[in-house]
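Report on the structure given below.
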Amino acid sequence: MRKIFAIFWKDTFVRFTSPLEWLFFIILPIFFTVILGAGTGPSDDQRVKLYVVDLAKTSLSENLFSSLTESNSVHPVLIELNVAVSEFDERKVSTVLIIPTTFSQENVINNRAELELRQQPNNMNALIAQQAVQAVLSRVSSAVDIANASVAKAESIEGFSFTSNDARQVYYNQALEQAQTLMNEAPVRMTEVEADTADPVSYDPRANSSAGQLITWVFIPLIGLSAMFAFERQKGTLRRLLTTPTSKAVFLGGTIFGQVVTALVQMLALVLFGIYVMKLNWGHSLAALAAMLVSSALAAAALGTMLGTFVKTEGQANGLSIMLGMVMAMMGGCWYPIELFPQTVRVIVKALPTSWAMQGMLDIVLRGQGLSGVWLEALVLLGFALVFFVIGIIRFKYE
């Protein structure tokens, strides 16, 4: 056991002497977890964002904005002109509605009121926002038309006249307010029913990102065990072991044990990040979590051990481990939901340990499964580990 720990300490010290190793060990996994989890996360409000710049600041402009907030299509946000223009130019928002200072009741009555609607070209969200603004303007215009008709009708009555323009304006305001009230209180003659169809794709970007990046950045260095064996073989270190009482089992046990323990530390760090920063439910079943972490690490380490018996040089091993790790992560659903792949591909990727690891991780963090829900995935991963270890040990050579 002392020799195993000595090999473990030697490999760990050599691995982390380079500051670059910390980049791959913790910094990049957290970076990609945050980027993929936050960048693709669903918003609570699925409406199209519409920036509204109110330069008029009148009761009519406030009424227009209030009507927009009731829309099912757009989510209006009051914002300053310079900020709205800057974000529009940077294409951070699809549509900006500018209410100019000339937007007043007098100009509306005289059909001289104008609004400025800036839209990104060839943008579906901009088209949705335009239709929503037009619908609200139509509603506001209808109330104005009713008020105008009411004033005209009053003036057509014989013997009736307004004593002053102020009196006429007061009458118009009352008619407009009453028209708006009656339109708001109008009974709904047509109802819209939205069907609630279950989505066959169980996808949470935060959970998928946390689990997927954990698997990706742990599998790659564990598969990189092959580079360690190739390096030791090239330098003649393995040959020198023949002159010591260190057996093949002790050497392999120490090397694999050290890398697996390091991988488990990395996994736990990423799990804790997911729990405390991304607010994911990783820790509801510690037994299930432990089973998946250990079985995943063993499967990856066994694959690296087996690969180390086929490669000739450290350079070959490094390139092959990175390529193999990335391809297995992508095809195993670590970067994209596996449900988006064709059915044939979903069947084929069952031959990859990353597919089973991702399924088990998501069963824990996304579906709330316990040990009884992930035992099959853990068992399959241990089966991968057994097969890879047997092949690697049989083929292992000192030279």
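Residue names in the structure tokens use chain letters A, B, ... in the order shown, residue numbers from 1 in each chain, and ligand numbers from 1 in the order shown.
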
Exercise for review: Taking the DSSP assignment computed from this structure's backbone, write out as a count of residues only all residues of region 64-237 of chain A that belong to strand (DSSP E or B).
Suggested key: 14

Exercise for review: Identify which of the residues A:Phe229, A:Trp217, A:Phe31, A:Tyr276 lies closest to Ala263 (chain A), counting only C-alpha atoms when measuring atom-to-atom distances.
Suggested key: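 The answer is A:Trp217, which sits nearest to Ala263 (chain A).
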
**Study point:** Counting only C-alpha atoms, the option among A:Met306, A:Val170, A:Leu23, A:Val365 closest to Ala227 (chain A)
**Key:**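 Smallest distance to Ala227 (chain A) is found for A:Met306.
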
Review point. From the set A:Phe273, A:Phe65, A:Tyr171, A:Phe162, which residue has the shortest atom-to-atom contact distance to Val133 (chain A), counting only C-alpha atoms?
Key: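 Answer, going by the shortest atom-to-atom distance: A:Phe65.
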
As a PDB file with C-alpha atoms, in the first residue's frame, please: the residues near Ser161 (chain A) (cut-off 12 Å, only C-alpha atoms, same-chain neighbours under 6 positions excluded).
```pdb
ATOM      1  CA  VAL A 151     -67.649  65.320 -29.835  1.00  0.00           C
ATOM      2  CA  ALA A 152     -68.908  65.626 -33.410  1.00  0.00           C
ATOM      3  CA  LYS A 153     -72.299  64.216 -32.420  1.00  0.00           C
ATOM      4  CA  ALA A 154     -72.579  66.670 -29.531  1.00  0.00           C
ATOM      5  CA  GLU A 155     -71.755  69.590 -31.801  1.00  0.00           C
ATOM      6  CA  ALA A 167     -64.798  72.865 -22.361  1.00  0.00           C
ATOM      7  CA  ARG A 168     -64.553  70.971 -25.635  1.00  0.00           C
ATOM      8  CA  TYR A 171     -65.759  66.735 -22.954  1.00  0.00           C
TER       9      TYR A 171
END
```

Check your understanding: So, counting only C-alpha atoms, which residue among A:Gly304, A:Gly332, A:Gly212, A:Gly315 is closest to Ala385 (chain A)?
Key ->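 Smallest distance to Ala385 (chain A) is found for A:Gly304.
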